[in-house]
$ cat upload_33.pdb   # PDB, C-alpha atoms
ATOM      1  CA  MET J 277       0.000   0.000   0.000  1.00  0.00           C
ATOM      2  CA  ASP J 278       1.773   3.065  -1.319  1.00  0.00           C
ATOM      3  CA  PHE J 279       0.252   6.467  -0.557  1.00  0.00           C
ATOM      4  CA  HIS J 280       2.978   8.674  -2.030  1.00  0.00           C
ATOM      5  CA  GLY J 281       1.325  11.667  -3.687  1.00  0.00           C
ATOM      6  CA  LYS J 282      -1.897  11.094  -1.729  1.00  0.00           C
ATOM      7  CA  THR J 283      -3.292  13.399   0.940  1.00  0.00           C
ATOM      8  CA  VAL J 284      -5.085  12.109   4.031  1.00  0.00           C
ATOM      9  CA  ILE J 285      -6.993  13.942   6.762  1.00  0.00           C
ATOM     10  CA  VAL J 286      -7.333  12.204  10.131  1.00  0.00           C
ATOM     11  CA  THR J 287      -9.529  14.016  12.642  1.00  0.00           C
ATOM     12  CA  GLY J 288      -8.898  13.594  16.354  1.00  0.00           C
ATOM     13  CA  SER J 289      -5.327  12.579  15.640  1.00  0.00           C
ATOM     14  CA  THR J 290      -3.299  13.961  18.538  1.00  0.00           C
ATOM     15  CA  ARG J 291      -3.495  10.715  20.523  1.00  0.00           C
ATOM     16  CA  GLY J 292      -4.984   7.228  20.683  1.00  0.00           C
ATOM     17  CA  ILE J 293      -6.269   5.425  17.610  1.00  0.00           C
ATOM     18  CA  GLY J 294      -6.361   8.601  15.521  1.00  0.00           C
ATOM     19  CA  ASN J 295      -2.702   9.334  16.102  1.00  0.00           C
ATOM     20  CA  VAL J 296      -1.641   5.802  15.203  1.00  0.00           C
ATOM     21  CA  VAL J 297      -3.781   5.911  12.048  1.00  0.00           C
ATOM     22  CA  ALA J 298      -2.216   9.236  11.042  1.00  0.00           C
ATOM     23  CA  VAL J 299       1.307   7.934  11.605  1.00  0.00           C
ATOM     24  CA  ARG J 300       0.525   4.791   9.590  1.00  0.00           C
ATOM     25  CA  PHE J 301      -0.582   6.796   6.565  1.00  0.00           C
ATOM     26  CA  ALA J 302       2.448   9.086   6.886  1.00  0.00           C
ATOM     27  CA  SER J 303       4.776   6.076   7.072  1.00  0.00           C
ATOM     28  CA  LEU J 304       3.202   4.807   3.833  1.00  0.00           C
ATOM     29  CA  GLY J 305       4.161   8.037   2.101  1.00  0.00           C
ATOM     30  CA  ALA J 306       0.986  10.107   2.402  1.00  0.00           C
ATOM     31  CA  ASN J 307       0.742  13.793   3.159  1.00  0.00           C
ATOM     32  CA  VAL J 308      -1.246  13.845   6.390  1.00  0.00           C
ATOM     33  CA  MET J 309      -3.262  16.647   7.961  1.00  0.00           C
ATOM     34  CA  LEU J 310      -3.769  16.052  11.664  1.00  0.00           C
ATOM     35  CA  SER J 311      -6.530  17.793  13.569  1.00  0.00           C
ATOM     36  CA  GLY J 312      -7.345  18.441  17.199  1.00  0.00           C
ATOM     37  CA  THR J 313      -9.215  20.878  19.382  1.00  0.00           C
ATOM     38  CA  SER J 314      -6.130  22.484  20.919  1.00  0.00           C
ATOM     39  CA  ASP J 315      -2.767  23.801  19.776  1.00  0.00           C
ATOM     40  CA  SER J 316      -1.162  20.556  20.936  1.00  0.00           C
ATOM     41  CA  VAL J 317      -1.879  19.254  17.432  1.00  0.00           C
ATOM     42  CA  HIS J 318       0.942  21.461  16.164  1.00  0.00           C
ATOM     43  CA  THR J 319       3.346  19.971  18.693  1.00  0.00           C
ATOM     44  CA  VAL J 320       2.394  16.487  17.521  1.00  0.00           C
ATOM     45  CA  ALA J 321       2.800  17.524  13.882  1.00  0.00           C
ATOM     46  CA  ASP J 322       6.217  19.043  14.556  1.00  0.00           C
ATOM     47  CA  SER J 323       7.436  15.857  16.218  1.00  0.00           C
ATOM     48  CA  LEU J 324       6.376  13.842  13.167  1.00  0.00           C
ATOM     49  CA  LYS J 325       8.041  16.302  10.792  1.00  0.00           C
ATOM     50  CA  GLU J 326      11.291  15.725  12.672  1.00  0.00           C
ATOM     51  CA  LYS J 327      10.976  12.055  11.733  1.00  0.00           C
ATOM     52  CA  GLY J 328      10.760  12.992   8.073  1.00  0.00           C
ATOM     53  CA  PHE J 329       7.017  12.663   7.608  1.00  0.00           C
ATOM     54  CA  SER J 330       4.984  15.042   5.450  1.00  0.00           C
ATOM     55  CA  VAL J 331       2.422  16.295   7.954  1.00  0.00           C
ATOM     56  CA  ALA J 332       0.699  19.456   9.139  1.00  0.00           C
ATOM     57  CA  GLY J 333      -1.709  20.297  11.938  1.00  0.00           C
ATOM     58  CA  TYR J 334      -5.055  22.070  12.196  1.00  0.00           C
ATOM     59  CA  SER J 335      -6.745  23.179  15.398  1.00  0.00           C
ATOM     60  CA  GLY J 336     -10.474  23.788  15.671  1.00  0.00           C
ATOM     61  CA  ASP J 337     -13.878  22.554  16.814  1.00  0.00           C
ATOM     62  CA  LEU J 338     -14.996  20.485  13.845  1.00  0.00           C
ATOM     63  CA  SER J 339     -18.608  20.473  15.019  1.00  0.00           C
ATOM     64  CA  THR J 340     -18.808  24.041  13.679  1.00  0.00           C
ATOM     65  CA  PRO J 341     -19.177  24.615   9.921  1.00  0.00           C
ATOM     66  CA  VAL J 342     -16.430  27.251   9.837  1.00  0.00           C
ATOM     67  CA  ALA J 343     -13.825  24.986  11.432  1.00  0.00           C
ATOM     68  CA  ALA J 344     -14.793  21.937   9.345  1.00  0.00           C
ATOM     69  CA  GLN J 345     -14.534  23.887   6.121  1.00  0.00           C
ATOM     70  CA  GLY J 346     -11.336  25.458   7.423  1.00  0.00           C
ATOM     71  CA  LEU J 347      -9.798  22.005   7.818  1.00  0.00           C
ATOM     72  CA  ILE J 348     -10.488  21.148   4.182  1.00  0.00           C
ATOM     73  CA  ASP J 349      -9.281  24.556   2.978  1.00  0.00           C
ATOM     74  CA  LYS J 350      -6.078  24.316   5.027  1.00  0.00           C
ATOM     75  CA  THR J 351      -5.411  20.840   3.649  1.00  0.00           C
ATOM     76  CA  LEU J 352      -5.773  22.032   0.060  1.00  0.00           C
ATOM     77  CA  GLU J 353      -3.654  25.099   0.771  1.00  0.00           C
ATOM     78  CA  THR J 354      -0.906  22.974   2.325  1.00  0.00           C
ATOM     79  CA  PHE J 355      -0.872  19.874   0.141  1.00  0.00           C
ATOM     80  CA  GLY J 356      -2.961  20.839  -2.898  1.00  0.00           C
ATOM     81  CA  ASN J 357      -5.078  17.727  -2.844  1.00  0.00           C
ATOM     82  CA  LEU J 358      -7.411  15.515  -0.802  1.00  0.00           C
ATOM     83  CA  ASP J 359      -7.823  11.779  -1.299  1.00  0.00           C
ATOM     84  CA  VAL J 360      -8.816  10.271   2.058  1.00  0.00           C
ATOM     85  CA  LEU J 361     -10.838  11.525   5.021  1.00  0.00           C
ATOM     86  CA  VAL J 362     -10.781   9.557   8.278  1.00  0.00           C
ATOM     87  CA  ASN J 363     -13.481  10.804  10.655  1.00  0.00           C
ATOM     88  CA  ASN J 364     -12.055   9.704  13.993  1.00  0.00           C
ATOM     89  CA  ALA J 365     -12.779  12.628  16.341  1.00  0.00           C
ATOM     90  CA  GLY J 366     -14.686  11.368  19.355  1.00  0.00           C
ATOM     91  CA  ILE J 367     -15.307  11.807  23.062  1.00  0.00           C
ATOM     92  CA  THR J 368     -17.216  10.038  25.823  1.00  0.00           C
ATOM     93  CA  CYS J 369     -19.355  11.471  28.598  1.00  0.00           C
ATOM     94  CA  ASP J 370     -20.504   8.245  30.220  1.00  0.00           C
ATOM     95  CA  LYS J 371     -23.440   8.297  32.623  1.00  0.00           C
ATOM     96  CA  LEU J 372     -26.542   6.247  33.249  1.00  0.00           C
ATOM     97  CA  LEU J 373     -29.389   7.705  31.211  1.00  0.00           C
ATOM     98  CA  ILE J 374     -31.315   8.844  34.286  1.00  0.00           C
ATOM     99  CA  ARG J 375     -28.319  10.982  35.301  1.00  0.00           C
ATOM    100  CA  MET J 376     -27.299  12.139  31.854  1.00  0.00           C
ATOM    101  CA  GLU J 377     -27.554  15.877  31.329  1.00  0.00           C
ATOM    102  CA  GLU J 378     -28.607  17.381  28.031  1.00  0.00           C
ATOM    103  CA  ASP J 379     -25.127  18.858  27.686  1.00  0.00           C
ATOM    104  CA  ASP J 380     -23.592  15.374  28.018  1.00  0.00           C
ATOM    105  CA  TRP J 381     -25.735  14.255  25.095  1.00  0.00           C
ATOM    106  CA  ASP J 382     -25.082  17.307  22.932  1.00  0.00           C
ATOM    107  CA  LYS J 383     -21.299  17.332  23.391  1.00  0.00           C
ATOM    108  CA  VAL J 384     -20.962  13.699  22.368  1.00  0.00           C
ATOM    109  CA  MET J 385     -23.296  14.068  19.390  1.00  0.00           C
ATOM    110  CA  ASP J 386     -21.530  17.206  18.188  1.00  0.00           C
ATOM    111  CA  THR J 387     -18.030  15.765  18.406  1.00  0.00           C
ATOM    112  CA  ASN J 388     -18.723  12.198  17.309  1.00  0.00           C
ATOM    113  CA  LEU J 389     -21.427  12.652  14.681  1.00  0.00           C
ATOM    114  CA  LYS J 390     -21.923  16.256  13.631  1.00  0.00           C
ATOM    115  CA  SER J 391     -18.215  16.771  12.955  1.00  0.00           C
ATOM    116  CA  ALA J 392     -18.227  13.761  10.616  1.00  0.00           C
ATOM    117  CA  TYR J 393     -21.211  15.210   8.752  1.00  0.00           C
ATOM    118  CA  LEU J 394     -19.607  18.633   8.353  1.00  0.00           C
ATOM    119  CA  CYS J 395     -16.150  17.359   7.376  1.00  0.00           C
ATOM    120  CA  THR J 396     -17.572  14.847   4.914  1.00  0.00           C
ATOM    121  CA  LYS J 397     -19.842  17.433   3.327  1.00  0.00           C
ATOM    122  CA  ALA J 398     -16.864  19.717   2.741  1.00  0.00           C
ATOM    123  CA  ALA J 399     -14.544  16.917   1.590  1.00  0.00           C
ATOM    124  CA  VAL J 400     -16.848  15.313  -0.976  1.00  0.00           C
ATOM    125  CA  ARG J 401     -17.028  18.566  -2.922  1.00  0.00           C
ATOM    126  CA  ILE J 402     -13.337  18.095  -3.670  1.00  0.00           C
ATOM    127  CA  MET J 403     -13.558  14.342  -4.236  1.00  0.00           C
ATOM    128  CA  MET J 404     -16.527  14.669  -6.619  1.00  0.00           C
ATOM    129  CA  LYS J 405     -14.484  16.824  -8.985  1.00  0.00           C
ATOM    130  CA  LYS J 406     -11.766  14.169  -9.079  1.00  0.00           C
ATOM    131  CA  ARG J 407     -14.290  11.327  -9.225  1.00  0.00           C
ATOM    132  CA  SER J 408     -12.314   9.469  -6.586  1.00  0.00           C
ATOM    133  CA  GLY J 409     -11.830   9.424  -2.837  1.00  0.00           C
ATOM    134  CA  SER J 410     -12.207   7.373   0.298  1.00  0.00           C
ATOM    135  CA  ILE J 411     -14.068   8.239   3.490  1.00  0.00           C
ATOM    136  CA  ILE J 412     -13.562   6.114   6.589  1.00  0.00           C
ATOM    137  CA  ASN J 413     -15.673   6.654   9.691  1.00  0.00           C
ATOM    138  CA  ILE J 414     -14.421   5.298  12.998  1.00  0.00           C
ATOM    139  CA  SER J 415     -17.546   3.966  14.686  1.00  0.00           C
ATOM    140  CA  SER J 416     -17.561   1.458  17.569  1.00  0.00           C
ATOM    141  CA  ILE J 417     -18.845  -1.976  18.407  1.00  0.00           C
ATOM    142  CA  VAL J 418     -20.932  -0.119  21.006  1.00  0.00           C
ATOM    143  CA  GLY J 419     -22.875   1.404  18.107  1.00  0.00           C
ATOM    144  CA  LEU J 420     -23.967  -2.112  17.142  1.00  0.00           C
ATOM    145  CA  MET J 421     -24.639  -3.719  20.510  1.00  0.00           C
ATOM    146  CA  GLY J 422     -25.176  -0.791  22.906  1.00  0.00           C
ATOM    147  CA  ASN J 423     -23.688  -0.440  26.365  1.00  0.00           C
ATOM    148  CA  ALA J 424     -25.132   0.545  29.714  1.00  0.00           C
ATOM    149  CA  GLY J 425     -24.046   4.029  30.719  1.00  0.00           C
ATOM    150  CA  GLN J 426     -23.200   5.006  27.151  1.00  0.00           C
ATOM    151  CA  ALA J 427     -26.542   5.879  25.563  1.00  0.00           C
ATOM    152  CA  ASN J 428     -25.100   9.064  24.059  1.00  0.00           C
ATOM    153  CA  TYR J 429     -21.908   7.423  22.790  1.00  0.00           C
ATOM    154  CA  ALA J 430     -23.746   4.383  21.399  1.00  0.00           C
ATOM    155  CA  ALA J 431     -26.271   6.587  19.625  1.00  0.00           C
ATOM    156  CA  SER J 432     -23.546   8.710  18.063  1.00  0.00           C
ATOM    157  CA  LYS J 433     -21.632   5.656  16.831  1.00  0.00           C
ATOM    158  CA  ALA J 434     -24.795   3.993  15.530  1.00  0.00           C
ATOM    159  CA  GLY J 435     -25.557   7.255  13.754  1.00  0.00           C
ATOM    160  CA  LEU J 436     -22.153   7.086  12.074  1.00  0.00           C
ATOM    161  CA  ILE J 437     -23.050   3.676  10.687  1.00  0.00           C
ATOM    162  CA  GLY J 438     -26.276   4.946   9.097  1.00  0.00           C
ATOM    163  CA  PHE J 439     -24.392   7.996   7.859  1.00  0.00           C
ATOM    164  CA  THR J 440     -21.732   5.756   6.297  1.00  0.00           C
ATOM    165  CA  LYS J 441     -24.246   3.713   4.335  1.00  0.00           C
ATOM    166  CA  SER J 442     -26.085   6.783   3.081  1.00  0.00           C
ATOM    167  CA  VAL J 443     -22.885   8.521   1.953  1.00  0.00           C
ATOM    168  CA  ALA J 444     -21.747   5.322   0.230  1.00  0.00           C
ATOM    169  CA  ARG J 445     -24.979   5.181  -1.770  1.00  0.00           C
ATOM    170  CA  GLU J 446     -24.986   8.876  -2.653  1.00  0.00           C
ATOM    171  CA  PHE J 447     -21.436   9.087  -3.962  1.00  0.00           C
ATOM    172  CA  ALA J 448     -20.655   5.643  -5.384  1.00  0.00           C
ATOM    173  CA  ALA J 449     -21.369   6.878  -8.901  1.00  0.00           C
ATOM    174  CA  ARG J 450     -18.678   9.522  -8.398  1.00  0.00           C
ATOM    175  CA  GLY J 451     -16.039   6.952  -7.520  1.00  0.00           C
ATOM    176  CA  ILE J 452     -16.082   7.749  -3.797  1.00  0.00           C
ATOM    177  CA  THR J 453     -16.151   4.923  -1.264  1.00  0.00           C
ATOM    178  CA  CYS J 454     -17.342   5.236   2.317  1.00  0.00           C
ATOM    179  CA  ASN J 455     -16.874   2.576   4.977  1.00  0.00           C
ATOM    180  CA  ALA J 456     -16.973   2.352   8.758  1.00  0.00           C
ATOM    181  CA  ILE J 457     -14.620   0.632  11.168  1.00  0.00           C
ATOM    182  CA  ALA J 458     -16.160  -0.588  14.417  1.00  0.00           C
ATOM    183  CA  PRO J 459     -13.410  -1.272  16.959  1.00  0.00           C
ATOM    184  CA  GLY J 460     -14.122  -3.341  20.039  1.00  0.00           C
ATOM    185  CA  PHE J 461     -11.901  -3.097  23.108  1.00  0.00           C
ATOM    186  CA  ILE J 462      -8.665  -1.524  21.905  1.00  0.00           C
ATOM    187  CA  GLU J 463      -5.638  -0.861  24.112  1.00  0.00           C
ATOM    188  CA  THR J 464      -5.712   2.935  24.527  1.00  0.00           C
ATOM    189  CA  GLN J 465      -5.674   5.510  27.297  1.00  0.00           C
ATOM    190  CA  MET J 466      -9.389   4.795  27.720  1.00  0.00           C
ATOM    191  CA  THR J 467      -8.849   1.103  28.514  1.00  0.00           C
ATOM    192  CA  ASP J 468      -5.856   1.958  30.720  1.00  0.00           C
ATOM    193  CA  SER J 469      -8.245   3.689  33.104  1.00  0.00           C
ATOM    194  CA  LEU J 470     -10.342   0.549  33.648  1.00  0.00           C
ATOM    195  CA  SER J 471      -9.952  -1.439  36.849  1.00  0.00           C
ATOM    196  CA  PRO J 472      -8.188  -4.837  36.616  1.00  0.00           C
ATOM    197  CA  GLU J 473     -11.449  -6.562  37.577  1.00  0.00           C
ATOM    198  CA  LEU J 474     -13.377  -4.838  34.795  1.00  0.00           C
ATOM    199  CA  LYS J 475     -10.638  -5.601  32.258  1.00  0.00           C
ATOM    200  CA  GLU J 476     -10.751  -9.272  33.212  1.00  0.00           C
ATOM    201  CA  ASN J 477     -14.530  -9.375  32.821  1.00  0.00           C
ATOM    202  CA  TYR J 478     -14.314  -7.778  29.385  1.00  0.00           C
ATOM    203  CA  LEU J 479     -11.639 -10.237  28.263  1.00  0.00           C
ATOM    204  CA  LYS J 480     -13.933 -13.141  29.094  1.00  0.00           C
ATOM    205  CA  SER J 481     -16.391 -11.894  26.459  1.00  0.00           C
ATOM    206  CA  ILE J 482     -13.759 -11.692  23.680  1.00  0.00           C
ATOM    207  CA  PRO J 483     -13.316 -15.028  21.869  1.00  0.00           C
ATOM    208  CA  LEU J 484      -9.717 -14.230  20.874  1.00  0.00           C
ATOM    209  CA  GLY J 485      -8.961 -13.529  24.525  1.00  0.00           C
ATOM    210  CA  ARG J 486      -7.131 -10.226  24.176  1.00  0.00           C
ATOM    211  CA  TYR J 487      -7.599  -6.543  23.501  1.00  0.00           C
ATOM    212  CA  GLY J 488      -6.945  -5.207  20.031  1.00  0.00           C
ATOM    213  CA  THR J 489      -4.252  -2.663  19.246  1.00  0.00           C
ATOM    214  CA  SER J 490      -4.435   0.733  17.612  1.00  0.00           C
ATOM    215  CA  SER J 491      -1.938  -0.547  15.065  1.00  0.00           C
ATOM    216  CA  GLU J 492      -4.415  -3.200  13.940  1.00  0.00           C
ATOM    217  CA  VAL J 493      -7.076  -0.537  13.451  1.00  0.00           C
ATOM    218  CA  ALA J 494      -4.576   1.543  11.464  1.00  0.00           C
ATOM    219  CA  ASP J 495      -3.815  -1.448   9.228  1.00  0.00           C
ATOM    220  CA  LEU J 496      -7.516  -1.779   8.440  1.00  0.00           C
ATOM    221  CA  ALA J 497      -7.916   1.938   7.733  1.00  0.00           C
ATOM    222  CA  ALA J 498      -4.965   1.908   5.347  1.00  0.00           C
ATOM    223  CA  PHE J 499      -6.393  -1.103   3.516  1.00  0.00           C
ATOM    224  CA  LEU J 500      -9.828   0.503   3.124  1.00  0.00           C
ATOM    225  CA  ALA J 501      -8.221   3.663   1.735  1.00  0.00           C
ATOM    226  CA  SER J 502      -6.029   1.750  -0.706  1.00  0.00           C
ATOM    227  CA  GLY J 503      -6.681   0.644  -4.240  1.00  0.00           C
ATOM    228  CA  ASN J 504      -7.003  -2.890  -2.928  1.00  0.00           C
ATOM    229  CA  ALA J 505     -10.399  -1.945  -1.455  1.00  0.00           C
ATOM    230  CA  ARG J 506     -11.856   0.053  -4.319  1.00  0.00           C
ATOM    231  CA  TYR J 507     -14.786  -2.400  -4.661  1.00  0.00           C
ATOM    232  CA  ILE J 508     -15.701  -2.138  -0.973  1.00  0.00           C
ATOM    233  CA  THR J 509     -18.184   0.533   0.078  1.00  0.00           C
ATOM    234  CA  GLY J 510     -21.030   0.962   2.543  1.00  0.00           C
ATOM    235  CA  GLN J 511     -19.577  -1.662   4.858  1.00  0.00           C
ATOM    236  CA  VAL J 512     -19.122  -1.768   8.629  1.00  0.00           C
ATOM    237  CA  ILE J 513     -16.060  -3.818   9.477  1.00  0.00           C
ATOM    238  CA  ASN J 514     -15.788  -4.981  13.068  1.00  0.00           C
ATOM    239  CA  ILE J 515     -12.334  -5.287  14.565  1.00  0.00           C
ATOM    240  CA  ASP J 516     -13.170  -6.750  17.946  1.00  0.00           C
ATOM    241  CA  GLY J 517     -11.668 -10.194  18.398  1.00  0.00           C
ATOM    242  CA  GLY J 518     -15.049 -11.806  17.771  1.00  0.00           C
ATOM    243  CA  LEU J 519     -16.881  -9.896  20.491  1.00  0.00           C
ATOM    244  CA  TYR J 520     -19.863  -9.153  18.254  1.00  0.00           C
ATOM    245  CA  MET J 521     -20.875 -11.761  15.674  1.00  0.00           C
TER     246      MET J 521
END
$ encode --input "upload_33.pdb" --output "structure tokens"
Amino acid sequence: MDFHGKTVIVTGSTRGIGNVVAVRFASLGANVMLSGTSDSVHTVADSLKEKGFSVAGYSGDLSTPVAAQGLIDKTLETFGNLDVLVNNAGITCDKLLIRMEEDDWDKVMDTNLKSAYLCTKAAVRIMMKKRSGSIINISSIVGLMGNAGQANYAASKAGLIGFTKSVAREFAARGITCNAIAPGFIETQMTDSLSPELKENYLKSIPLGRYGTSSEVADLAAFLASGNARYITGQVINIDGGLYM
């Protein structure tokens, strides 16, 4: 998978899965635009530039139309092209539904779902002119099976799945593919915060008996964005060790 001459945007790419996905594309030769909500994205970008990667950073709240369009404009200004959009930006505000505030719901929906809508809407205008492009939405296994205490997060990730299928149908004739990745339990800062007892209980429900890695998710994203996957669109690919079958 060679991405030299290709340009990739990865939202929410200052840490976790998004950062590993961004680094994977950069290591495969792509120009990569990282994005985050704070200026730390520039620090991350600078550290990758020192390693010889072709990257840049953009800071902004992508749930606002101005910032989402600004991300696309900055990418074109910097690299002159756009081939792949990975909608990865996401947060959690976990609470039981009875205790969940309206703000907890809105923040998660804005970051996890609305930002994907706004960024995709801006990106496809560029991809339509080229009659090619790949959009990858990072959903979650929780969007398929639900989870107590995560009604807002599950709804946002389920929404991404419906969004993925609709975008795939709308733009297939223009040569644009759109797929979703649904990770299960992946070793990240989020899983690091779980108690040993909870981790053990989760492992019992995973047939392969281990957590996944961000690198494995990055491998899948790179494949879906490559020419090897040009006949795959509208799909939700679980990467969860068999947790959800």
$ axis_aligned_box --input "upload_33.pdb" --around "region 402-412 of chain J" --padding-each-side "5 Å" --output "AutoDock Vina command-line options"
--center_x -14.1 --center_y 12.1 --center_z -1.3 --size_x 14.8 --size_y 22.0 --size_z 25.8
$ resolve_selection --input "upload_33.pdb" --expression "the PyMOL selection byres ((chain J and resi 353-364) around 7)" --output "PyMOL selection string"
chain J and resi 282-288+294+307+349-352+365-366+392+403+409-414+501
$ residues_near_point --input "upload_33.pdb" --point "(-20.0, 8.3, 32.9)" --cutoff "10 Å" --atoms "all atoms listed in the file" --output "short mmCIF file (atom, residue, chain, number, x, y, z; two decimals) with C-alpha atoms, in the frame of the given file"
data_model
loop_
_atom_site.label_atom_id
_atom_site.label_comp_id
_atom_site.auth_asym_id
_atom_site.auth_seq_id
_atom_site.Cartn_x
_atom_site.Cartn_y
_atom_site.Cartn_z
CA THR J 368 -17.22 10.04 25.82
CA CYS J 369 -19.36 11.47 28.60
CA ASP J 370 -20.50 8.24 30.22
CA LYS J 371 -23.44 8.30 32.62
CA LEU J 372 -26.54 6.25 33.25
CA LEU J 373 -29.39 7.70 31.21
CA ARG J 375 -28.32 10.98 35.30
CA MET J 376 -27.30 12.14 31.85
CA ASP J 380 -23.59 15.37 28.02
CA ALA J 424 -25.13 0.55 29.71
CA GLY J 425 -24.05 4.03 30.72
CA GLN J 426 -23.20 5.01 27.15
#
$ residues_near_point --input "upload_33.pdb" --point "(-17.0, -0.3, 11.1)" --cutoff "6 Å" --atoms "all atoms listed in the file" --output "ChimeraX atom specification"
/J:415,456-458,512-514
$ atom_distance --input "upload_33.pdb" --atom1 "CA of Glu476 (chain J)" --atom2 "CA of Ile515 (chain J)"
19.1 Å
$ closest_residue --input "upload_33.pdb" --among "J:Gly485, J:Gly518, J:Gly305, J:Gly419" --to "Phe279 (chain J)" --atoms "all atoms listed in the file"
J:Gly305
$ residues_around --input "upload_33.pdb" --residues "region 322-337 of chain J" --least-positions-apart "4" --cutoff "8 Å" --atoms "only C-alpha atoms" --output "list in words"
Val299, Ala302, Ser303, Gly305, Ala306, Asn307, Val308, Met309, Leu310, Ser311, Gly312, Thr313, Ser314, Asp315, Val317, His318, Ala343, Ala344, Leu347, Lys350 and Thr354 of chain J
$ closest_residue --input "upload_33.pdb" --among "J:Leu519, J:Ala399, J:Ser339, J:Gly292" --to "Tyr478 (chain J)" --atoms "all atoms listed in the file"
J:Leu519
$ closest_residue --input "upload_33.pdb" --among "J:Glu473, J:Asp468, J:Asp379, J:Asp386" --to "Leu436 (chain J)" --atoms "all atoms listed in the file"
J:Asp386
$ closest_residue --input "upload_33.pdb" --among "J:Phe461, J:Asn455, J:Glu378, J:Met385" --to "Ser490 (chain J)" --atoms "all atoms listed in the file"
J:Phe461
$ atom_distance --input "upload_33.pdb" --atom1 "CA of Ser502 (chain J)" --atom2 "CA of Asp278 (chain J)"
7.9 Å
